[in-house]
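Below is query_30.cif, which holds mmCIF, C-alpha atoms (C1' of nucleotides).
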data_protein
loop_
_atom_site.label_atom_id
_atom_site.label_comp_id
_atom_site.auth_asym_id
_atom_site.auth_seq_id
_atom_site.Cartn_x
_atom_site.Cartn_y
_atom_site.Cartn_z
CA MET A 1 34.69 2.13 -17.12
CA LYS A 2 32.25 1.88 -14.25
CA LYS A 3 29.23 0.41 -15.94
CA SER A 4 27.24 1.74 -12.99
CA ALA A 5 25.24 -0.76 -11.07
CA ALA A 6 23.95 -3.50 -13.33
CA LEU A 7 20.80 -2.53 -15.12
CA ASN A 8 18.10 -4.27 -13.14
CA VAL A 9 14.95 -2.28 -13.47
CA SER A 10 12.99 -5.20 -12.17
CA ARG A 11 14.43 -5.17 -8.69
CA THR A 12 14.59 -1.43 -8.49
CA LEU A 13 10.97 -1.18 -9.47
CA MET A 14 10.00 -3.59 -6.76
CA PHE A 15 11.86 -1.77 -4.07
CA ALA A 16 10.59 1.57 -5.25
CA PHE A 17 7.07 0.30 -5.08
CA ARG A 18 7.57 -1.09 -1.60
CA ALA A 19 9.29 2.03 -0.34
CA GLN A 20 6.54 4.19 -1.67
CA ALA A 21 3.76 2.04 -0.21
CA ALA A 22 5.51 1.99 3.13
CA ALA A 23 5.95 5.75 3.05
CA VAL A 24 2.27 6.32 2.38
CA THR A 25 1.09 4.06 5.19
CA ALA A 26 3.65 5.46 7.60
CA ARG A 27 2.57 9.00 6.93
CA LEU A 28 -1.10 8.18 7.10
CA ALA A 29 -0.42 6.69 10.50
CA LYS A 30 1.39 9.82 11.53
CA ARG A 31 -1.62 11.88 10.52
CA GLY A 32 -3.99 9.91 12.66
CA TYR A 33 -4.91 7.00 10.44
CA PRO A 34 -2.93 4.04 11.66
CA ASP A 35 -3.84 0.59 10.45
CA PHE A 36 -4.84 2.06 7.16
CA PRO A 37 -3.33 -0.31 4.64
CA PHE A 38 -1.90 0.94 1.40
CA ALA A 39 -4.49 -1.05 -0.50
CA PHE A 40 -7.21 1.02 1.12
CA ALA A 41 -5.56 4.21 -0.02
CA ASN A 42 -5.44 2.77 -3.49
CA VAL A 43 -9.16 2.16 -3.51
CA LEU A 44 -9.81 5.60 -2.08
CA TRP A 45 -8.12 7.21 -5.03
CA LEU A 46 -10.32 5.34 -7.48
CA VAL A 47 -13.69 6.50 -6.19
CA ASP A 48 -15.04 9.55 -7.91
CA PRO A 49 -17.29 12.11 -6.25
CA GLU A 50 -20.61 10.91 -7.62
CA GLY A 51 -19.74 7.41 -6.50
CA THR A 52 -18.50 4.51 -8.56
CA ARG A 53 -19.61 0.95 -9.08
CA SER A 54 -17.35 -1.58 -7.54
CA THR A 55 -16.96 -3.29 -10.88
CA ALA A 56 -15.57 -0.08 -12.27
CA LEU A 57 -13.28 0.25 -9.28
CA ALA A 58 -12.04 -3.25 -9.94
CA ALA A 59 -11.26 -2.38 -13.54
CA ARG A 60 -9.45 0.78 -12.54
CA GLY A 61 -7.53 -1.03 -9.87
CA GLY A 62 -6.58 -3.85 -12.17
CA VAL A 63 -8.05 -6.56 -9.96
CA THR A 64 -11.02 -8.89 -10.08
CA LYS A 65 -14.41 -7.67 -9.03
CA GLN A 66 -14.38 -10.14 -6.17
CA ALA A 67 -11.15 -8.76 -4.80
CA MET A 68 -12.41 -5.22 -5.07
CA SER A 69 -15.75 -6.05 -3.55
CA GLN A 70 -13.98 -7.59 -0.59
CA GLN A 71 -11.84 -4.50 -0.08
CA VAL A 72 -14.91 -2.34 -0.37
CA LYS A 73 -16.68 -4.44 2.22
CA LEU A 74 -13.78 -4.11 4.63
CA MET A 75 -13.55 -0.40 4.09
CA GLU A 76 -17.29 -0.10 4.58
CA GLN A 77 -17.04 -1.94 7.87
CA ARG A 78 -14.38 0.44 8.97
CA GLY A 79 -16.48 3.40 7.98
CA TYR A 80 -14.48 4.74 5.05
CA LEU A 81 -16.99 3.89 2.36
CA GLN A 82 -20.70 3.48 1.99
CA GLN A 83 -22.76 1.89 -0.70
CA THR A 84 -26.04 3.20 -2.02
CA PRO A 85 -28.23 1.59 -4.64
CA ASP A 86 -27.68 2.88 -8.14
CA ALA A 87 -30.89 4.52 -9.28
CA THR A 88 -30.26 3.61 -12.88
CA ASP A 89 -29.69 -0.10 -12.30
CA THR A 90 -31.23 -2.19 -9.57
CA ARG A 91 -28.35 -4.64 -9.61
CA ALA A 92 -25.72 -2.04 -9.05
CA LYS A 93 -24.51 -0.16 -6.02
CA LEU A 94 -22.61 3.06 -5.97
CA VAL A 95 -19.56 3.09 -3.76
CA GLN A 96 -19.07 6.46 -2.13
CA LEU A 97 -16.73 8.00 0.37
CA THR A 98 -18.07 8.68 3.83
CA GLU A 99 -17.01 11.79 5.67
CA LEU A 100 -14.29 9.76 7.29
CA GLY A 101 -13.33 8.42 3.91
CA LYS A 102 -13.12 11.92 2.50
CA ALA A 103 -10.93 12.93 5.40
CA VAL A 104 -8.50 10.09 4.82
CA ARG A 105 -8.48 10.76 1.16
CA GLN A 106 -7.71 14.38 1.81
CA ALA A 107 -4.85 13.32 4.03
CA SER A 108 -3.61 10.91 1.44
CA GLU A 109 -3.71 13.59 -1.22
CA VAL A 110 -1.61 15.81 0.97
CA ILE A 111 0.80 12.98 1.51
CA ARG A 112 1.00 12.28 -2.17
CA GLU A 113 1.86 15.89 -2.75
CA GLU A 114 4.46 15.76 -0.02
CA LEU A 115 6.04 12.73 -1.61
CA ASN A 116 5.89 14.29 -5.02
CA LYS A 117 7.50 17.39 -3.66
CA GLU A 118 10.26 15.48 -1.95
CA ALA A 119 10.88 13.45 -5.05
CA ALA A 120 10.88 16.59 -7.13
CA ARG A 121 13.36 18.19 -4.77
CA ALA A 122 15.69 15.25 -5.22
CA LEU A 123 15.23 14.85 -8.94
CA GLY A 124 13.85 18.06 -10.29
CA VAL A 125 10.29 18.43 -11.46
CA GLY A 126 11.18 17.66 -15.03
CA SER A 127 12.83 14.41 -14.15
CA LEU A 128 9.90 13.39 -12.01
CA ARG A 129 7.49 14.00 -14.83
CA LYS A 130 9.71 12.14 -17.19
CA LEU A 131 10.00 9.32 -14.69
CA GLN A 132 6.26 8.89 -14.66
CA ALA A 133 6.00 9.12 -18.41
CA ASP A 134 8.79 6.60 -18.88
CA LEU A 135 7.18 4.22 -16.43
CA GLU A 136 4.00 4.45 -18.42
CA THR A 137 5.90 3.68 -21.56
CA ILE A 138 7.43 0.69 -19.89
CA ILE A 139 4.06 -0.53 -18.74
CA ALA A 140 2.87 -0.34 -22.31
CA VAL A 141 5.92 -2.20 -23.54
CA TYR A 142 5.80 -4.96 -20.97
CA ASP A 143 2.10 -5.46 -20.84
CA PRO A 144 0.67 -4.51 -24.20
CA GLY A 145 -2.78 -5.78 -23.34
CA ALA A 146 -3.32 -4.11 -19.99
CA LYS A 147 -5.17 -1.08 -18.78
CA MET B 1 -2.94 23.96 -20.74
CA LYS B 2 -2.94 20.19 -20.64
CA LYS B 3 -1.50 19.48 -17.26
CA SER B 4 -0.68 16.06 -18.63
CA ALA B 5 -1.99 13.16 -16.66
CA ALA B 6 -1.98 14.01 -12.97
CA LEU B 7 1.31 13.30 -11.32
CA ASN B 8 0.67 10.05 -9.55
CA VAL B 9 3.90 8.21 -9.34
CA SER B 10 2.42 5.92 -6.74
CA ARG B 11 -0.10 4.29 -9.02
CA THR B 12 2.20 4.24 -11.98
CA LEU B 13 4.86 2.58 -9.94
CA MET B 14 2.46 -0.11 -8.85
CA PHE B 15 1.29 -0.87 -12.35
CA ALA B 16 4.82 -0.84 -13.68
CA PHE B 17 5.84 -3.33 -11.06
CA ARG B 18 2.91 -5.57 -11.82
CA ALA B 19 3.41 -5.37 -15.55
CA GLN B 20 7.03 -6.22 -15.20
CA ALA B 21 6.42 -9.15 -12.87
CA ALA B 22 3.76 -10.48 -15.18
CA ALA B 23 6.08 -10.14 -18.16
CA VAL B 24 8.83 -12.09 -16.44
CA THR B 25 6.59 -14.98 -15.43
CA ALA B 26 4.89 -15.07 -18.80
CA ARG B 27 8.19 -15.30 -20.61
CA LEU B 28 9.58 -17.87 -18.25
CA ALA B 29 6.51 -19.94 -18.98
CA LYS B 30 7.08 -19.52 -22.68
CA ARG B 31 10.62 -20.78 -22.25
CA GLY B 32 9.54 -23.94 -20.55
CA TYR B 33 9.24 -22.90 -16.94
CA PRO B 34 5.56 -22.49 -16.26
CA ASP B 35 4.36 -22.15 -12.69
CA PHE B 36 7.56 -20.37 -11.84
CA PRO B 37 6.41 -17.49 -9.70
CA PHE B 38 8.04 -14.12 -9.92
CA ALA B 39 9.11 -14.42 -6.29
CA PHE B 40 11.20 -17.46 -7.21
CA ALA B 41 12.94 -15.53 -9.91
CA ASN B 42 13.68 -12.87 -7.37
CA VAL B 43 15.34 -15.32 -5.06
CA LEU B 44 17.27 -16.84 -7.92
CA TRP B 45 18.89 -13.53 -8.65
CA LEU B 46 20.10 -13.20 -5.09
CA VAL B 47 22.08 -16.39 -4.86
CA ASP B 48 25.73 -16.04 -5.71
CA PRO B 49 27.84 -18.79 -7.23
CA GLU B 50 29.56 -19.98 -4.08
CA GLY B 51 26.22 -20.22 -2.38
CA THR B 52 24.63 -17.84 0.06
CA ARG B 53 23.13 -18.18 3.51
CA SER B 54 19.42 -17.80 3.61
CA THR B 55 19.76 -15.03 6.16
CA ALA B 56 21.82 -13.09 3.68
CA LEU B 57 19.28 -13.79 0.99
CA ALA B 58 16.59 -12.44 3.27
CA ALA B 59 18.53 -9.25 3.82
CA ARG B 60 19.13 -8.81 0.11
CA GLY B 61 15.52 -9.47 -0.69
CA GLY B 62 14.27 -7.14 1.99
CA VAL B 63 12.18 -9.76 3.76
CA THR B 64 12.37 -11.62 7.06
CA LYS B 65 14.51 -14.69 7.36
CA GLN B 66 11.39 -16.76 7.94
CA ALA B 67 9.85 -15.61 4.69
CA MET B 68 13.03 -16.28 2.80
CA SER B 69 13.55 -19.64 4.40
CA GLN B 70 10.07 -20.63 3.36
CA GLN B 71 10.69 -19.61 -0.23
CA VAL B 72 13.96 -21.47 -0.19
CA LYS B 73 12.24 -24.56 1.10
CA LEU B 74 9.65 -24.42 -1.65
CA MET B 75 12.26 -23.90 -4.30
CA GLU B 76 14.27 -26.74 -2.88
CA GLN B 77 11.26 -29.02 -3.06
CA ARG B 78 10.82 -28.09 -6.67
CA GLY B 79 14.44 -28.75 -7.39
CA TYR B 80 15.71 -25.27 -8.10
CA LEU B 81 17.88 -24.94 -5.03
CA GLN B 82 19.86 -27.13 -2.71
CA GLN B 83 21.31 -26.52 0.70
CA THR B 84 24.64 -27.73 1.92
CA PRO B 85 26.12 -27.25 5.36
CA ASP B 86 28.43 -24.29 5.67
CA ALA B 87 31.88 -25.59 6.56
CA THR B 88 32.75 -22.47 8.49
CA ASP B 89 29.68 -22.52 10.73
CA THR B 90 27.79 -25.57 11.87
CA ARG B 91 24.59 -23.62 12.30
CA ALA B 92 24.56 -22.27 8.80
CA LYS B 93 23.60 -23.71 5.44
CA LEU B 94 24.64 -22.50 2.06
CA VAL B 95 21.87 -22.12 -0.44
CA GLN B 96 23.01 -23.02 -3.93
CA LEU B 97 21.47 -23.31 -7.35
CA THR B 98 20.93 -26.79 -8.72
CA GLU B 99 21.49 -27.46 -12.40
CA LEU B 100 17.81 -26.83 -12.92
CA GLY B 101 18.09 -23.66 -10.91
CA LYS B 102 21.01 -22.51 -13.03
CA ALA B 103 19.03 -23.18 -16.15
CA VAL B 104 16.07 -21.13 -14.99
CA ARG B 105 18.36 -18.40 -13.89
CA GLN B 106 20.01 -18.38 -17.26
CA ALA B 107 16.61 -18.11 -18.87
CA SER B 108 15.62 -15.34 -16.54
CA GLU B 109 18.79 -13.44 -17.33
CA VAL B 110 18.00 -13.68 -21.00
CA ILE B 111 14.51 -12.45 -20.32
CA ARG B 112 15.80 -9.59 -18.27
CA GLU B 113 18.00 -8.57 -21.14
CA GLU B 114 15.10 -8.87 -23.53
CA LEU B 115 13.00 -6.64 -21.36
CA ASN B 116 15.83 -4.18 -20.93
CA LYS B 117 16.32 -4.14 -24.66
CA GLU B 118 12.66 -3.57 -25.34
CA ALA B 119 12.51 -0.83 -22.77
CA ALA B 120 15.64 0.72 -24.19
CA ARG B 121 14.15 0.60 -27.66
CA ALA B 122 11.13 2.50 -26.44
CA LEU B 123 12.95 4.98 -24.25
CA GLY B 124 16.53 5.06 -25.35
CA VAL B 125 19.33 3.57 -23.31
CA GLY B 126 20.10 6.82 -21.60
CA SER B 127 16.56 7.27 -20.38
CA LEU B 128 16.44 3.73 -19.14
CA ARG B 129 19.58 4.21 -17.13
CA LYS B 130 18.28 7.45 -15.80
CA LEU B 131 15.01 5.78 -14.96
CA GLN B 132 16.77 3.26 -12.81
CA ALA B 133 18.94 5.87 -11.16
CA ASP B 134 15.94 8.08 -10.46
CA LEU B 135 14.03 5.19 -9.00
CA GLU B 136 16.93 4.54 -6.69
CA THR B 137 16.92 8.15 -5.64
CA ILE B 138 13.24 7.93 -4.93
CA ILE B 139 13.75 4.82 -2.85
CA ALA B 140 16.30 6.70 -0.82
CA VAL B 141 13.98 9.65 -0.41
CA TYR B 142 10.92 7.65 0.57
CA ASP B 143 12.61 5.08 2.71
CA PRO B 144 15.70 6.65 4.23
CA GLY B 145 16.36 3.69 6.48
CA ALA B 146 16.17 0.88 3.95
CA LYS B 147 18.60 -1.02 1.85
"C1'" DG C 1 -40.52 -13.71 -23.75
"C1'" DA C 2 -36.22 -16.49 -24.23
"C1'" DT C 3 -31.29 -15.37 -24.42
"C1'" DG C 4 -27.18 -13.62 -23.30
"C1'" DA C 5 -24.53 -10.02 -21.02
"C1'" DT C 6 -23.66 -7.56 -16.63
"C1'" DA C 7 -23.58 -6.40 -11.24
"C1'" DG C 8 -22.58 -8.43 -7.45
"C1'" DT C 9 -22.03 -12.36 -3.86
"C1'" DC C 10 -20.39 -16.69 -1.71
"C1'" DA C 11 -16.96 -20.08 -0.80
"C1'" DA C 12 -12.66 -21.99 -1.06
"C1'" DC C 13 -8.10 -21.37 -1.81
"C1'" DC C 14 -3.21 -19.50 -2.44
"C1'" DG C 15 1.11 -16.88 -2.38
"C1'" DA C 16 4.02 -14.12 0.04
"C1'" DC C 17 4.62 -12.09 3.68
"C1'" DC C 18 4.48 -11.16 8.97
"C1'" DT C 19 5.24 -11.83 14.43
"C1'" DG C 20 6.55 -14.50 18.32
"C1'" DA C 21 8.68 -18.22 20.46
"C1'" DC C 22 12.03 -21.54 20.10
"C1'" DT C 23 16.73 -24.58 19.53
"C1'" DA C 24 21.41 -24.93 18.47
"C1'" DT C 25 25.72 -23.16 17.70
"C1'" DA C 26 29.36 -19.48 17.95
"C1'" DC C 27 32.07 -16.28 20.22
"C1'" DG C 28 34.08 -12.61 23.13
"C1'" DA C 29 34.67 -11.42 27.75
"C1'" DG C 30 35.76 -12.47 32.54
"C1'" DC D 1 36.62 -22.58 30.85
"C1'" DT D 2 32.26 -21.06 31.27
"C1'" DC D 3 28.91 -17.67 30.89
"C1'" DG D 4 26.15 -14.31 28.53
"C1'" DT D 5 24.94 -12.62 24.29
"C1'" DA D 6 24.53 -12.73 19.43
"C1'" DT D 7 23.52 -15.30 15.28
"C1'" DA D 8 21.53 -19.21 11.97
"C1'" DG D 9 17.72 -21.30 11.29
"C1'" DT D 10 12.98 -23.59 12.39
"C1'" DC D 11 8.14 -23.99 13.93
"C1'" DA D 12 3.57 -22.40 14.45
"C1'" DG D 13 0.06 -19.47 13.51
"C1'" DG D 14 -1.87 -15.47 11.40
"C1'" DT D 15 -2.74 -11.65 7.90
"C1'" DC D 16 -3.39 -9.40 3.67
"C1'" DG D 17 -4.43 -9.11 -0.92
"C1'" DG D 18 -5.39 -11.41 -4.30
"C1'" DT D 19 -7.25 -15.65 -7.31
"C1'" DT D 20 -10.89 -19.08 -9.59
"C1'" DG D 21 -15.37 -21.07 -9.99
"C1'" DA D 22 -20.11 -21.24 -9.32
"C1'" DC D 23 -24.07 -18.80 -8.39
"C1'" DT D 24 -28.31 -15.20 -8.24
"C1'" DA D 25 -30.55 -11.26 -9.84
"C1'" DT D 26 -31.31 -7.88 -13.06
"C1'" DC D 27 -30.89 -5.76 -17.58
"C1'" DA D 28 -31.17 -5.36 -22.51
"C1'" DT D 29 -32.16 -7.12 -26.94
"C1'" DC D 30 -34.20 -9.38 -30.71
#

Please re-express this file's structure in structure tokens.
Amino acid sequence: MKKSAALNVSRTLMFAFRAQAAAVTARLAKRGYPDFPFAFANVLWLVDPEGTRSTALAARGGVTKQAMSQQVKLMEQRGYLQQTPDATDTRAKLVQLTELGKAVRQASEVIREELNKEAARALGVGSLRKLQADLETIIAVYDPGAK
Amino acid sequence: MKKSAALNVSRTLMFAFRAQAAAVTARLAKRGYPDFPFAFANVLWLVDPEGTRSTALAARGGVTKQAMSQQVKLMEQRGYLQQTPDATDTRAKLVQLTELGKAVRQASEVIREELNKEAARALGVGSLRKLQADLETIIAVYDPGAK
DNA sequence: GATGATAGTCAACCGACCTGACTATACGAG
DNA sequence: CTCGTATAGTCAGGTCGGTTGACTATCATC
């Protein structure tokens, strides 16, 4: 009757997340950006071209503004981001990608596509799309209040 | 043409993982085990009835033996686990669930089933199974060397 | 112009992991 | 039997990514 491996989405999800994060950092390293933590890549993906307030980044990233502001500071120190005052609000700063930041982001986009492609090769494009959609459904089910 | 939301399994995976972890801890709290971190639950699931060496737990959990041994120590302090010498090897200890540990594990099993059921309701059982299988495929693709 | 929301910072802390160095026991040659 | 190597586990110290709480400065509104 082979019930297939016990249904444990929890564990699988965790390992999938880890594997994926590890793959991204490994490949970034291979492309000339070693010591570029996965969390940095995450932030990179949240910044939009005109620049974004760190508060907004925090919201998008699902973390506190303090956490995000710390990451931003680190990434600024390392030259991936810069902050410029927001013309429309003296309190606010716009977080923007530096040239270096844009380069890493570019690389990370390529990597993401690579990974997508490899996943699609293993699963089929349809399945991959469905995977993402189903994950989103699950997020909604598990965490009705979240972003 | 609605390309549907950009294919970004990475992000989705992360949020799914977070949502799921949050759901588990929240429900454990609701069942009378507050302050029971998700990581504890993870360890709980790894221990088998006869007891398991912490090294083996580490391997199953995908972490170093030091990390696992620290978790085990914490959980022992809180009364969820106990360690007894392994008769077959003086160096080794067998990690076992205490009564309390068994109770929490029981609760966590129930919760896991709840979550599975809710996910299955939203997706259909077939999709849920496929989701898990596809995630496993992806793990294999992204992290060829891992467990 | 007082009042309350919002942008961001500072400081302290924590959880979960890591590496490196170590001790004690086990075990398979020789 | 003992010697070298492998294995079980600990200790110490550090890192990374996040948290909460308290605060300042600016904005927006009534």

>> Using Å and a single decimal, report how far atom CA of Val125 of chain A sits from atom CA of Ala140 of chain B.
In response: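 Going from atom CA of Ala140 of chain B over to atom CA of Val125 of chain A, I get 16.9 Å.
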
>> I'd like the residues picked by the PyMOL selection byres ((chain D and resi 2) around 12) written out as an MDAnalysis selection string, using the chain letters and numbers from the file.
In response: (chainID C and resid 28:30) or (chainID D and resid 1 3:4)

>> Can you pull out the residues contacting segment 13-27 of chain C? Cut-off 7 Å, using all atoms listed in the file, and skip same-chain residues under 2 positions away; I want them as a ChimeraX atom specification.
In response: /B:67,90-91

>> Can you tell me which residues surround DG4 of chain C at a distance of at most 12 Å, considering only C-alpha atoms (C1' of nucleotides), apart from same-chain residues fewer than 4 positions away, and format the answer as a PyMOL selection string?
In response: chain D and resi 27-30

>> Taking 4 positions as the minimum chain separation for residues in the same chain, which residues sit within 10 Å of DG8 of chain C when counting all atoms listed in the file? Answer as a list in words.
In response: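 Within the cut-off, the hits are Arg53, Ser54, Thr55, Lys65, Gln66, Ser69, Arg91, Ala92 and Lys93 of chain A; DT24 and DA25 of chain D.
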
Could the residues in this selection be written to a file with C-alpha atoms (C1' of nucleotides), as a PDB file, keeping the file's coordinate frame?
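After the write, result-v5.pdb holds the following:
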ATOM      1  CA  ARG A  53     -19.610   0.950  -9.080  1.00  0.00           C
ATOM      2  CA  SER A  54     -17.350  -1.580  -7.540  1.00  0.00           C
ATOM      3  CA  THR A  55     -16.960  -3.290 -10.880  1.00  0.00           C
ATOM      4  CA  LYS A  65     -14.410  -7.670  -9.030  1.00  0.00           C
ATOM      5  CA  GLN A  66     -14.380 -10.140  -6.170  1.00  0.00           C
ATOM      6  CA  SER A  69     -15.750  -6.050  -3.550  1.00  0.00           C
ATOM      7  CA  ARG A  91     -28.350  -4.640  -9.610  1.00  0.00           C
ATOM      8  CA  ALA A  92     -25.720  -2.040  -9.050  1.00  0.00           C
ATOM      9  CA  LYS A  93     -24.510  -0.160  -6.020  1.00  0.00           C
TER      10      LYS A  93
ATOM     11  C1'  DT D  24     -28.310 -15.200  -8.240  1.00  0.00           C
ATOM     12  C1'  DA D  25     -30.550 -11.260  -9.840  1.00  0.00           C
TER      13       DA D  25
END

>> Can you work out which residues from chain D touch chain A at a cut-off of 10 Å (counting only C-alpha atoms (C1' of nucleotides)) and hand them back as a list in words?
In response: DC16, DG17, DG18, DT19, DA25, DT26 and DC27 of chain D

Could you write out as a tab-separated table (two decimals) with C-alpha atoms (C1' of nucleotides), keeping the file's coordinate frame the residues that the PyMOL selection byres ((chain C) within 12 of (chain A)) matches in the shown file?
chain	number	residue	atom	x	y	z
C	6	DT	C1'	-23.66	-7.56	-16.63
C	7	DA	C1'	-23.58	-6.40	-11.24
C	8	DG	C1'	-22.58	-8.43	-7.45
C	9	DT	C1'	-22.03	-12.36	-3.86
C	10	DC	C1'	-20.39	-16.69	-1.71
C	11	DA	C1'	-16.96	-20.08	-0.80

Please return segment 109-120 of chain A, rebuilt to N, CA and C atoms, as a compact mmCIF listing (two decimals), in the frame of the given file.
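Contents of part_21.txt, as written:
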# COMPACT_ATOMS: atom_id res chain seq x y z
N GLU A 109 -4.07 12.68 -0.13
CA GLU A 109 -3.71 13.59 -1.22
C GLU A 109 -2.55 14.46 -0.78
N VAL A 110 -2.67 14.96 0.44
CA VAL A 110 -1.61 15.81 0.97
C VAL A 110 -0.30 15.03 0.99
N ILE A 111 -0.40 13.81 1.44
CA ILE A 111 0.80 12.98 1.51
C ILE A 111 1.39 12.76 0.12
N ARG A 112 0.52 12.48 -0.81
CA ARG A 112 1.00 12.28 -2.17
C ARG A 112 1.75 13.51 -2.65
N GLU A 113 1.19 14.66 -2.34
CA GLU A 113 1.86 15.89 -2.75
C GLU A 113 3.21 16.05 -2.06
N GLU A 114 3.20 15.74 -0.78
CA GLU A 114 4.46 15.76 -0.02
C GLU A 114 5.50 14.89 -0.72
N LEU A 115 5.10 13.68 -1.00
CA LEU A 115 6.04 12.73 -1.61
C LEU A 115 6.48 13.22 -2.97
N ASN A 116 5.53 13.73 -3.73
CA ASN A 116 5.89 14.29 -5.02
C ASN A 116 6.90 15.40 -4.85
N LYS A 117 6.64 16.25 -3.86
CA LYS A 117 7.50 17.39 -3.66
C LYS A 117 8.91 16.93 -3.28
N GLU A 118 8.95 15.96 -2.39
CA GLU A 118 10.26 15.48 -1.95
C GLU A 118 11.01 14.81 -3.10
N ALA A 119 10.26 14.08 -3.89
CA ALA A 119 10.88 13.45 -5.05
C ALA A 119 11.36 14.52 -6.03
N ALA A 120 10.53 15.53 -6.20
CA ALA A 120 10.88 16.59 -7.13
C ALA A 120 12.11 17.35 -6.64
